[in-house]
2 protein chains.
Amino acid sequence: MFRDITTLIKDPEAFNYVIQQFTEHYQNQKIDKIAGIESRGFIFGAALAHKLNLPFVLIRKKGKLPAETVSQEYALEYGTDKIEIHKDAIDAGENVLIVDDLLATGGTASAACQLVEKIGGKVAGVGFVIDLPELKGREKLQGYDIFNLVEFEGD
Amino acid sequence: MFRDITTLIKDPEAFNYVIQQFTEHYQNQKIDKIAGIESRGFIFGAALAHKLNLPFVLIRKKGKLPAETVSQEYALEYGTDKIEIHKDAIDAGENVLIVDDLLATGGTASAACQLVEKIGGKVAGVGFVIDLPELKGREKLQGYDIFNLVEFEGD
């Protein structure tokens, strides 16, 4: 049992298990690029991209990327925020796997899907380590192929 | 030539080359854990930790880690900021390799070394993909084993 992903990645066997499970799930699917969502999505996305020998691109909070970006707003509990991707991160028609650590309300992940599509990519799937099903993130991601390794129910 | 690390990690061969070079440099050194500095340090740190089968721990901006933390202030161009590590991230005497993408002024990296030492660890090394030698980051890291793959001079 891991309380959060910091205790998971501190255990090389557990980290390896996660990357192995992702690899088995995705290795025979048509994926051209992996996009990691800042910042814990970078941890799993980068390790997976390295393992699958795929290009790795970043989806970051606003103002953090050096070149020309496209942005997408999403709702927070109070107010809104924005995430961004480089305009040239993805070529038209490429199949992109989006990776993050945790599916909660799905706001960020849904915005990430919109970003990929805005610049001409197809969302091949959205992969999470953990899903918190009570927060109904999957409802915001209907129509996309969602994969997760673990589900945590509330108390 | 890569303008920044986003173009590097988008190229699987280049990303693989970086991780391979880090692996060759560190694989025979006594390293117990890898610490990645938020957030681009997570990309290289996680891939390297996965490859070397080592525990991966996070050094994050203030207020981002879920459990009890220790923090270290560092100077910015204007003002100061703080980074944090979990108090139990490292056991006493463990040899920790700190990883980040870029050595600029060295403020964050130096604070990261202090964090590791504050919770009882030894800094086995600090590894960067890129060094900007004109910013003299190495001067702030004297006494530590510094490794980098590329140097960029200014105009």
# chains A, B, ... in the order shown; residues from 1 in each chain; ligands from 1
>>> select_by_dssp(residues="chain B", states="helix (DSSP H, G or I)", output="count of residues only")
52
>>> residues_around(residues="region 25-36 of chain B", least_positions_apart="3", cutoff="6 Å", atoms="only C-alpha atoms", output="list of chain:residue names")
B:Phe22, B:Gly41, B:Phe42, B:Gly45, B:Leu54, B:Pro55, B:Phe56, B:Val57, B:Leu58, B:Ile59, B:Glu94, B:Asn95, B:Val96, B:Leu97, B:Ile98, B:Val99
>>> write_last_selection(atoms="N, CA and C atoms", output="JSON list (two decimals), in the first residue's frame")
[["chain", "number", "residue", "atom", "x", "y", "z"],
["B", 22, "PHE", "N", 24.47, 9.34, -18.50],
["B", 22, "PHE", "CA", 24.32, 9.40, -17.04],
["B", 22, "PHE", "C", 24.58, 8.02, -16.43],
["B", 41, "GLY", "N", 13.74, 18.35, -13.67],
["B", 41, "GLY", "CA", 14.61, 17.34, -13.09],
["B", 41, "GLY", "C", 13.89, 16.01, -12.91],
["B", 42, "PHE", "N", 12.55, 16.07, -12.85],
["B", 42, "PHE", "CA", 11.77, 14.83, -12.73],
["B", 42, "PHE", "C", 11.91, 13.98, -14.00],
["B", 45, "GLY", "N", 15.58, 12.57, -13.94],
["B", 45, "GLY", "CA", 15.77, 11.81, -12.70],
["B", 45, "GLY", "C", 14.96, 10.53, -12.68],
["B", 54, "LEU", "N", 16.95, 2.41, -8.90],
["B", 54, "LEU", "CA", 17.18, 3.10, -7.63],
["B", 54, "LEU", "C", 15.92, 3.83, -7.19],
["B", 55, "PRO", "N", 15.75, 4.03, -5.88],
["B", 55, "PRO", "CA", 14.63, 4.82, -5.38],
["B", 55, "PRO", "C", 14.70, 6.25, -5.92],
["B", 56, "PHE", "N", 13.54, 6.82, -6.21],
["B", 56, "PHE", "CA", 13.47, 8.18, -6.72],
["B", 56, "PHE", "C", 12.67, 9.04, -5.74],
["B", 57, "VAL", "N", 13.28, 10.14, -5.30],
["B", 57, "VAL", "CA", 12.59, 11.05, -4.37],
["B", 57, "VAL", "C", 12.53, 12.45, -4.98],
["B", 58, "LEU", "N", 11.58, 13.23, -4.49],
["B", 58, "LEU", "CA", 11.27, 14.52, -5.11],
["B", 58, "LEU", "C", 11.71, 15.71, -4.27],
["B", 59, "ILE", "N", 12.30, 16.69, -4.93],
["B", 59, "ILE", "CA", 12.55, 17.99, -4.33],
["B", 59, "ILE", "C", 11.61, 18.96, -5.05],
["B", 94, "GLU", "N", 22.77, 7.93, 3.69],
["B", 94, "GLU", "CA", 22.55, 7.48, 2.31],
["B", 94, "GLU", "C", 23.21, 8.43, 1.31],
["B", 95, "ASN", "N", 23.72, 7.86, 0.22],
["B", 95, "ASN", "CA", 24.37, 8.62, -0.84],
["B", 95, "ASN", "C", 23.35, 8.99, -1.90],
["B", 96, "VAL", "N", 23.17, 10.29, -2.07],
["B", 96, "VAL", "CA", 22.08, 10.78, -2.92],
["B", 96, "VAL", "C", 22.65, 11.50, -4.14],
["B", 97, "LEU", "N", 22.19, 11.10, -5.29],
["B", 97, "LEU", "CA", 22.50, 11.81, -6.54],
["B", 97, "LEU", "C", 21.36, 12.76, -6.85],
["B", 98, "ILE", "N", 21.68, 14.05, -6.95],
["B", 98, "ILE", "CA", 20.68, 15.07, -7.29],
["B", 98, "ILE", "C", 20.71, 15.30, -8.80],
["B", 99, "VAL", "N", 19.53, 15.32, -9.42],
["B", 99, "VAL", "CA", 19.46, 15.48, -10.88],
["B", 99, "VAL", "C", 18.57, 16.67, -11.25]]
>>> select_by_dssp(residues="region 50-149 of chain B", states="strand (DSSP E or B)", output="ChimeraX atom specification")
/B:56-61,69-75,80-86,95-103,122-131,146-149
>>> calpha_fit_and_write(fixed="chain B", moving="chain A", output="short mmCIF file (atom, residue, chain, number, x, y, z; two decimals) with N, CA and C atoms, in the first residue's frame")
data_model
loop_
_atom_site.label_atom_id
_atom_site.label_comp_id
_atom_site.auth_asym_id
_atom_site.auth_seq_id
_atom_site.Cartn_x
_atom_site.Cartn_y
_atom_site.Cartn_z
N MET A 1 21.84 19.74 -32.55
CA MET A 1 21.68 20.90 -31.67
C MET A 1 20.24 21.00 -31.16
N PHE A 2 20.12 21.16 -29.86
CA PHE A 2 18.79 21.31 -29.25
C PHE A 2 18.72 22.67 -28.57
N ARG A 3 17.64 23.38 -28.83
CA ARG A 3 17.51 24.73 -28.26
C ARG A 3 17.22 24.67 -26.77
N ASP A 4 16.51 23.64 -26.37
CA ASP A 4 16.18 23.48 -24.96
C ASP A 4 15.81 22.02 -24.76
N ILE A 5 15.53 21.62 -23.53
CA ILE A 5 15.34 20.20 -23.30
C ILE A 5 14.03 19.68 -23.90
N THR A 6 13.09 20.56 -24.23
CA THR A 6 11.84 20.05 -24.84
C THR A 6 12.13 19.46 -26.22
N THR A 7 13.08 20.05 -26.95
CA THR A 7 13.41 19.48 -28.27
C THR A 7 14.27 18.22 -28.10
N LEU A 8 15.01 18.16 -27.02
CA LEU A 8 15.84 16.97 -26.75
C LEU A 8 14.97 15.74 -26.43
N ILE A 9 14.02 15.91 -25.50
CA ILE A 9 13.24 14.73 -25.08
C ILE A 9 12.23 14.31 -26.14
N LYS A 10 11.99 15.20 -27.11
CA LYS A 10 11.11 14.87 -28.23
C LYS A 10 11.81 13.91 -29.20
N ASP A 11 13.11 13.77 -29.04
CA ASP A 11 13.91 12.91 -29.91
C ASP A 11 14.36 11.70 -29.07
N PRO A 12 13.73 10.53 -29.29
CA PRO A 12 14.03 9.38 -28.42
C PRO A 12 15.51 9.00 -28.42
N GLU A 13 16.20 9.17 -29.55
CA GLU A 13 17.63 8.85 -29.60
C GLU A 13 18.43 9.77 -28.70
N ALA A 14 18.08 11.05 -28.73
CA ALA A 14 18.80 12.03 -27.91
C ALA A 14 18.51 11.79 -26.43
N PHE A 15 17.25 11.55 -26.10
CA PHE A 15 16.86 11.27 -24.71
C PHE A 15 17.60 10.02 -24.23
N ASN A 16 17.61 9.00 -25.08
CA ASN A 16 18.30 7.76 -24.74
C ASN A 16 19.80 8.00 -24.54
N TYR A 17 20.37 8.84 -25.38
CA TYR A 17 21.80 9.16 -25.26
C TYR A 17 22.10 9.80 -23.91
N VAL A 18 21.26 10.73 -23.51
CA VAL A 18 21.45 11.41 -22.22
C VAL A 18 21.39 10.41 -21.07
N ILE A 19 20.36 9.57 -21.07
CA ILE A 19 20.21 8.60 -19.97
C ILE A 19 21.37 7.60 -19.98
N GLN A 20 21.81 7.22 -21.17
CA GLN A 20 22.94 6.30 -21.30
C GLN A 20 24.23 6.92 -20.74
N GLN A 21 24.46 8.19 -21.05
CA GLN A 21 25.66 8.87 -20.56
C GLN A 21 25.64 8.99 -19.04
N PHE A 22 24.47 9.35 -18.49
CA PHE A 22 24.33 9.40 -17.04
C PHE A 22 24.58 8.02 -16.43
N THR A 23 24.02 7.01 -17.05
CA THR A 23 24.17 5.64 -16.55
C THR A 23 25.64 5.25 -16.51
N GLU A 24 26.36 5.50 -17.60
CA GLU A 24 27.78 5.13 -17.64
C GLU A 24 28.58 5.89 -16.58
N HIS A 25 28.21 7.15 -16.38
CA HIS A 25 28.95 7.95 -15.40
C HIS A 25 28.70 7.49 -13.97
N TYR A 26 27.46 7.10 -13.69
CA TYR A 26 27.09 6.84 -12.29
C TYR A 26 26.98 5.38 -11.90
N GLN A 27 26.97 4.45 -12.87
CA GLN A 27 26.61 3.07 -12.52
C GLN A 27 27.59 2.40 -11.57
N ASN A 28 28.86 2.82 -11.58
CA ASN A 28 29.81 2.19 -10.67
C ASN A 28 30.09 3.02 -9.42
N GLN A 29 29.31 4.08 -9.24
CA GLN A 29 29.47 4.89 -8.03
C GLN A 29 28.47 4.42 -6.99
N LYS A 30 28.79 4.72 -5.74
CA LYS A 30 27.92 4.28 -4.67
C LYS A 30 26.78 5.29 -4.51
N ILE A 31 25.65 4.96 -5.08
CA ILE A 31 24.48 5.83 -5.00
C ILE A 31 23.30 5.01 -4.47
N ASP A 32 22.65 5.54 -3.44
CA ASP A 32 21.52 4.83 -2.83
C ASP A 32 20.18 5.35 -3.34
N LYS A 33 20.14 6.63 -3.67
CA LYS A 33 18.87 7.24 -4.09
C LYS A 33 19.12 8.35 -5.07
N ILE A 34 18.12 8.59 -5.92
CA ILE A 34 18.18 9.74 -6.82
C ILE A 34 17.10 10.74 -6.42
N ALA A 35 17.47 12.01 -6.34
CA ALA A 35 16.51 13.08 -6.04
C ALA A 35 16.39 13.98 -7.26
N GLY A 36 15.17 14.17 -7.74
CA GLY A 36 14.92 15.03 -8.90
C GLY A 36 14.38 16.37 -8.44
N ILE A 37 14.87 17.45 -9.06
CA ILE A 37 14.39 18.79 -8.72
C ILE A 37 13.24 19.17 -9.65
N GLU A 38 12.10 19.60 -9.04
CA GLU A 38 10.92 19.99 -9.81
C GLU A 38 11.25 21.12 -10.79
N SER A 39 10.66 21.07 -12.02
CA SER A 39 9.95 19.92 -12.51
C SER A 39 10.69 19.22 -13.64
N ARG A 40 11.63 19.91 -14.31
CA ARG A 40 12.30 19.24 -15.42
C ARG A 40 13.32 18.22 -14.93
N GLY A 41 13.76 18.36 -13.68
CA GLY A 41 14.63 17.34 -13.09
C GLY A 41 13.91 16.02 -12.91
N PHE A 42 12.56 16.08 -12.85
CA PHE A 42 11.78 14.84 -12.74
C PHE A 42 11.92 13.99 -14.00
N ILE A 43 12.02 14.65 -15.14
CA ILE A 43 12.07 13.94 -16.43
C ILE A 43 13.32 13.06 -16.49
N PHE A 44 14.47 13.66 -16.23
CA PHE A 44 15.73 12.92 -16.34
C PHE A 44 15.96 12.05 -15.10
N GLY A 45 15.60 12.57 -13.95
CA GLY A 45 15.79 11.82 -12.71
C GLY A 45 14.97 10.54 -12.68
N ALA A 46 13.71 10.62 -13.11
CA ALA A 46 12.83 9.44 -13.08
C ALA A 46 13.30 8.39 -14.08
N ALA A 47 13.68 8.81 -15.27
CA ALA A 47 14.14 7.85 -16.29
C ALA A 47 15.43 7.18 -15.82
N LEU A 48 16.32 7.96 -15.20
CA LEU A 48 17.58 7.41 -14.71
C LEU A 48 17.37 6.47 -13.52
N ALA A 49 16.52 6.88 -12.59
CA ALA A 49 16.22 6.03 -11.42
C ALA A 49 15.63 4.70 -11.88
N HIS A 50 14.71 4.77 -12.86
CA HIS A 50 14.11 3.56 -13.40
C HIS A 50 15.18 2.67 -14.03
N LYS A 51 16.06 3.27 -14.80
CA LYS A 51 17.11 2.51 -15.49
C LYS A 51 18.10 1.89 -14.49
N LEU A 52 18.49 2.64 -13.46
CA LEU A 52 19.46 2.15 -12.49
C LEU A 52 18.81 1.36 -11.35
N ASN A 53 17.48 1.25 -11.40
CA ASN A 53 16.74 0.52 -10.38
C ASN A 53 16.98 1.09 -8.97
N LEU A 54 16.96 2.40 -8.89
CA LEU A 54 17.18 3.10 -7.62
C LEU A 54 15.91 3.82 -7.18
N PRO A 55 15.75 4.03 -5.86
CA PRO A 55 14.62 4.82 -5.37
C PRO A 55 14.69 6.25 -5.92
N PHE A 56 13.53 6.81 -6.20
CA PHE A 56 13.46 8.18 -6.71
C PHE A 56 12.67 9.04 -5.74
N VAL A 57 13.28 10.15 -5.30
CA VAL A 57 12.59 11.05 -4.37
C VAL A 57 12.53 12.44 -4.98
N LEU A 58 11.58 13.23 -4.48
CA LEU A 58 11.27 14.51 -5.12
C LEU A 58 11.71 15.70 -4.27
N ILE A 59 12.30 16.69 -4.93
CA ILE A 59 12.55 18.00 -4.33
C ILE A 59 11.61 18.96 -5.04
N ARG A 60 10.66 19.53 -4.28
CA ARG A 60 9.61 20.31 -4.92
C ARG A 60 9.54 21.75 -4.41
N LYS A 61 8.85 22.58 -5.16
CA LYS A 61 8.54 23.93 -4.70
C LYS A 61 7.71 23.83 -3.41
N LYS A 62 7.68 24.89 -2.64
CA LYS A 62 7.03 24.82 -1.33
C LYS A 62 5.53 24.52 -1.43
N GLY A 63 5.06 23.72 -0.45
CA GLY A 63 3.62 23.43 -0.37
C GLY A 63 3.12 22.35 -1.30
N LYS A 64 4.00 21.63 -1.98
CA LYS A 64 3.56 20.66 -2.98
C LYS A 64 3.66 19.21 -2.50
N LEU A 65 4.41 18.97 -1.43
CA LEU A 65 4.60 17.59 -0.98
C LEU A 65 3.59 17.23 0.10
N PRO A 66 3.06 15.99 0.08
CA PRO A 66 1.94 15.65 0.97
C PRO A 66 2.30 15.38 2.43
N ALA A 67 3.51 14.94 2.71
CA ALA A 67 3.86 14.56 4.10
C ALA A 67 4.75 15.64 4.73
N GLU A 68 5.31 15.32 5.89
CA GLU A 68 6.11 16.32 6.61
C GLU A 68 7.40 16.64 5.85
N THR A 69 7.71 17.92 5.71
CA THR A 69 8.85 18.33 4.89
C THR A 69 9.88 19.14 5.68
N VAL A 70 11.06 19.25 5.09
CA VAL A 70 12.10 20.20 5.52
C VAL A 70 12.27 21.15 4.33
N SER A 71 12.50 22.43 4.60
CA SER A 71 12.59 23.37 3.48
C SER A 71 13.89 24.16 3.50
N GLN A 72 14.26 24.69 2.37
CA GLN A 72 15.48 25.47 2.22
C GLN A 72 15.20 26.67 1.32
N GLU A 73 15.55 27.84 1.80
CA GLU A 73 15.36 29.06 1.02
C GLU A 73 16.52 29.24 0.05
N TYR A 74 16.27 29.88 -1.07
CA TYR A 74 17.37 30.25 -1.98
C TYR A 74 17.01 31.56 -2.66
N ALA A 75 18.06 32.24 -3.13
CA ALA A 75 17.87 33.57 -3.72
C ALA A 75 17.45 33.48 -5.19
N LEU A 76 16.49 34.29 -5.56
CA LEU A 76 16.13 34.50 -6.96
C LEU A 76 16.72 35.84 -7.40
N GLU A 77 16.55 36.19 -8.66
CA GLU A 77 17.04 37.49 -9.13
C GLU A 77 16.40 38.59 -8.29
N TYR A 78 15.09 38.47 -8.06
CA TYR A 78 14.40 39.39 -7.16
C TYR A 78 13.71 38.56 -6.08
N GLY A 79 14.16 38.69 -4.85
CA GLY A 79 13.51 37.98 -3.75
C GLY A 79 14.07 36.60 -3.51
N THR A 80 13.27 35.77 -2.86
CA THR A 80 13.71 34.42 -2.51
C THR A 80 12.57 33.43 -2.79
N ASP A 81 12.94 32.15 -2.82
CA ASP A 81 11.93 31.09 -2.93
C ASP A 81 12.37 29.93 -2.05
N LYS A 82 11.53 28.92 -1.98
CA LYS A 82 11.85 27.77 -1.13
C LYS A 82 11.64 26.47 -1.88
N ILE A 83 12.50 25.49 -1.61
CA ILE A 83 12.22 24.13 -2.06
C ILE A 83 12.14 23.22 -0.84
N GLU A 84 11.49 22.08 -1.03
CA GLU A 84 11.24 21.18 0.09
C GLU A 84 11.49 19.71 -0.28
N ILE A 85 11.74 18.93 0.75
CA ILE A 85 11.87 17.48 0.59
C ILE A 85 11.14 16.82 1.76
N HIS A 86 10.62 15.63 1.55
CA HIS A 86 10.03 14.91 2.66
C HIS A 86 11.10 14.57 3.69
N LYS A 87 10.75 14.79 4.95
CA LYS A 87 11.68 14.53 6.05
C LYS A 87 12.19 13.08 6.04
N ASP A 88 11.32 12.14 5.63
CA ASP A 88 11.70 10.73 5.62
C ASP A 88 12.13 10.24 4.24
N ALA A 89 12.45 11.19 3.34
CA ALA A 89 12.82 10.78 1.98
C ALA A 89 14.15 10.03 1.95
N ILE A 90 15.03 10.38 2.88
CA ILE A 90 16.39 9.84 2.87
C ILE A 90 16.74 9.34 4.27
N ASP A 91 17.42 8.19 4.31
CA ASP A 91 17.87 7.66 5.60
C ASP A 91 19.28 8.19 5.88
N ALA A 92 19.63 8.24 7.16
CA ALA A 92 20.92 8.79 7.58
C ALA A 92 22.07 8.10 6.85
N GLY A 93 22.95 8.88 6.28
CA GLY A 93 24.15 8.34 5.64
C GLY A 93 23.97 7.88 4.21
N GLU A 94 22.76 7.92 3.69
CA GLU A 94 22.55 7.48 2.30
C GLU A 94 23.22 8.44 1.31
N ASN A 95 23.72 7.84 0.23
CA ASN A 95 24.37 8.62 -0.83
C ASN A 95 23.35 8.99 -1.89
N VAL A 96 23.15 10.28 -2.06
CA VAL A 96 22.08 10.78 -2.91
C VAL A 96 22.64 11.49 -4.14
N LEU A 97 22.17 11.09 -5.30
CA LEU A 97 22.49 11.80 -6.53
C LEU A 97 21.35 12.76 -6.85
N ILE A 98 21.67 14.05 -6.95
CA ILE A 98 20.67 15.07 -7.28
C ILE A 98 20.71 15.30 -8.79
N VAL A 99 19.53 15.32 -9.42
CA VAL A 99 19.46 15.48 -10.88
C VAL A 99 18.57 16.67 -11.25
N ASP A 100 19.08 17.50 -12.16
CA ASP A 100 18.26 18.56 -12.74
C ASP A 100 18.64 18.71 -14.21
N ASP A 101 17.84 19.46 -14.96
CA ASP A 101 18.14 19.59 -16.39
C ASP A 101 19.26 20.59 -16.65
N LEU A 102 19.27 21.68 -15.88
CA LEU A 102 20.10 22.83 -16.25
C LEU A 102 20.79 23.43 -15.04
N LEU A 103 22.11 23.65 -15.14
CA LEU A 103 22.84 24.40 -14.12
C LEU A 103 23.00 25.83 -14.62
N ALA A 104 22.30 26.75 -13.96
CA ALA A 104 22.42 28.17 -14.33
C ALA A 104 23.20 28.87 -13.22
N THR A 105 22.56 29.63 -12.36
CA THR A 105 23.29 30.30 -11.27
C THR A 105 23.61 29.34 -10.12
N GLY A 106 22.97 28.18 -10.10
CA GLY A 106 23.27 27.18 -9.07
C GLY A 106 22.51 27.37 -7.77
N GLY A 107 21.64 28.35 -7.71
CA GLY A 107 20.90 28.63 -6.47
C GLY A 107 20.02 27.46 -6.04
N THR A 108 19.24 26.94 -6.97
CA THR A 108 18.35 25.82 -6.63
C THR A 108 19.16 24.57 -6.29
N ALA A 109 20.18 24.28 -7.09
CA ALA A 109 20.97 23.07 -6.88
C ALA A 109 21.69 23.12 -5.53
N SER A 110 22.20 24.29 -5.19
CA SER A 110 22.88 24.45 -3.91
C SER A 110 21.89 24.25 -2.75
N ALA A 111 20.70 24.79 -2.89
CA ALA A 111 19.65 24.58 -1.86
C ALA A 111 19.27 23.11 -1.79
N ALA A 112 19.24 22.43 -2.93
CA ALA A 112 18.92 21.00 -2.96
C ALA A 112 19.97 20.21 -2.18
N CYS A 113 21.25 20.55 -2.34
CA CYS A 113 22.33 19.88 -1.59
C CYS A 113 22.13 20.09 -0.10
N GLN A 114 21.80 21.32 0.29
CA GLN A 114 21.58 21.62 1.71
C GLN A 114 20.40 20.82 2.26
N LEU A 115 19.34 20.68 1.47
CA LEU A 115 18.17 19.90 1.89
C LEU A 115 18.55 18.46 2.18
N VAL A 116 19.28 17.86 1.25
CA VAL A 116 19.69 16.45 1.41
C VAL A 116 20.51 16.30 2.68
N GLU A 117 21.42 17.24 2.92
CA GLU A 117 22.28 17.15 4.11
C GLU A 117 21.49 17.41 5.39
N LYS A 118 20.53 18.33 5.33
CA LYS A 118 19.68 18.63 6.50
C LYS A 118 18.98 17.40 7.04
N ILE A 119 18.59 16.48 6.14
CA ILE A 119 17.87 15.29 6.61
C ILE A 119 18.81 14.09 6.73
N GLY A 120 20.12 14.34 6.72
CA GLY A 120 21.08 13.30 7.07
C GLY A 120 21.73 12.57 5.91
N GLY A 121 21.40 12.97 4.67
CA GLY A 121 21.99 12.31 3.51
C GLY A 121 23.35 12.90 3.13
N LYS A 122 24.07 12.16 2.27
CA LYS A 122 25.32 12.68 1.70
C LYS A 122 25.05 12.93 0.22
N VAL A 123 25.56 14.04 -0.29
CA VAL A 123 25.39 14.33 -1.72
C VAL A 123 26.50 13.60 -2.48
N ALA A 124 26.11 12.52 -3.17
CA ALA A 124 27.09 11.73 -3.93
C ALA A 124 27.48 12.44 -5.22
N GLY A 125 26.60 13.31 -5.70
CA GLY A 125 26.88 14.04 -6.93
C GLY A 125 25.67 14.86 -7.34
N VAL A 126 25.92 15.80 -8.25
CA VAL A 126 24.84 16.60 -8.81
C VAL A 126 24.99 16.53 -10.32
N GLY A 127 23.99 15.98 -10.99
CA GLY A 127 24.07 15.76 -12.43
C GLY A 127 23.10 16.64 -13.20
N PHE A 128 23.62 17.29 -14.24
CA PHE A 128 22.81 18.15 -15.09
C PHE A 128 22.96 17.71 -16.55
N VAL A 129 21.96 17.98 -17.35
CA VAL A 129 22.14 17.78 -18.78
C VAL A 129 23.00 18.92 -19.33
N ILE A 130 22.67 20.14 -18.93
CA ILE A 130 23.29 21.34 -19.51
C ILE A 130 23.89 22.21 -18.40
N ASP A 131 25.07 22.77 -18.68
CA ASP A 131 25.66 23.79 -17.81
C ASP A 131 25.79 25.07 -18.64
N LEU A 132 25.42 26.19 -18.03
CA LEU A 132 25.67 27.50 -18.65
C LEU A 132 26.82 28.14 -17.87
N PRO A 133 28.08 27.87 -18.29
CA PRO A 133 29.23 28.22 -17.44
C PRO A 133 29.36 29.71 -17.14
N GLU A 134 28.85 30.56 -18.01
CA GLU A 134 28.95 32.01 -17.76
C GLU A 134 28.19 32.44 -16.50
N LEU A 135 27.22 31.64 -16.09
CA LEU A 135 26.44 31.99 -14.91
C LEU A 135 27.09 31.46 -13.62
N LYS A 136 28.20 30.76 -13.78
CA LYS A 136 29.06 30.36 -12.65
C LYS A 136 28.37 29.54 -11.56
N GLY A 137 27.46 28.68 -12.00
CA GLY A 137 26.78 27.82 -11.05
C GLY A 137 27.72 26.89 -10.30
N ARG A 138 28.79 26.46 -10.97
CA ARG A 138 29.74 25.54 -10.32
C ARG A 138 30.39 26.18 -9.09
N GLU A 139 30.51 27.49 -9.10
CA GLU A 139 31.12 28.16 -7.92
C GLU A 139 30.25 28.00 -6.67
N LYS A 140 28.94 27.96 -6.88
CA LYS A 140 28.03 27.77 -5.73
C LYS A 140 28.01 26.32 -5.27
N LEU A 141 28.60 25.42 -6.06
CA LEU A 141 28.53 23.99 -5.75
C LEU A 141 29.91 23.41 -5.44
N GLN A 142 30.82 24.28 -5.01
CA GLN A 142 32.18 23.82 -4.71
C GLN A 142 32.17 22.74 -3.62
N GLY A 143 33.00 21.72 -3.84
CA GLY A 143 33.07 20.62 -2.89
C GLY A 143 32.17 19.46 -3.28
N TYR A 144 31.29 19.68 -4.23
CA TYR A 144 30.42 18.60 -4.70
C TYR A 144 30.92 18.08 -6.04
N ASP A 145 30.61 16.83 -6.31
CA ASP A 145 30.95 16.22 -7.59
C ASP A 145 29.88 16.61 -8.62
N ILE A 146 30.28 17.42 -9.58
CA ILE A 146 29.32 17.94 -10.57
C ILE A 146 29.56 17.25 -11.91
N PHE A 147 28.48 16.85 -12.57
CA PHE A 147 28.59 16.22 -13.90
C PHE A 147 27.58 16.89 -14.83
N ASN A 148 28.01 17.19 -16.04
CA ASN A 148 27.03 17.66 -17.04
C ASN A 148 27.46 17.19 -18.41
N LEU A 149 26.49 17.11 -19.31
CA LEU A 149 26.77 16.56 -20.64
C LEU A 149 27.14 17.63 -21.65
N VAL A 150 26.54 18.79 -21.51
CA VAL A 150 26.67 19.83 -22.53
C VAL A 150 26.92 21.16 -21.84
N GLU A 151 27.69 22.03 -22.51
CA GLU A 151 27.83 23.41 -22.03
C GLU A 151 27.41 24.36 -23.14
N PHE A 152 26.64 25.35 -22.77
CA PHE A 152 26.29 26.40 -23.74
C PHE A 152 26.92 27.70 -23.32
N GLU A 153 27.69 28.29 -24.22
CA GLU A 153 28.25 29.61 -23.97
C GLU A 153 27.24 30.65 -24.46
N GLY A 154 27.27 31.83 -23.86
CA GLY A 154 26.40 32.93 -24.31
C GLY A 154 26.91 33.50 -25.63
N ASP A 155 26.22 34.49 -26.14
CA ASP A 155 26.58 35.06 -27.46
C ASP A 155 27.85 35.90 -27.38
#
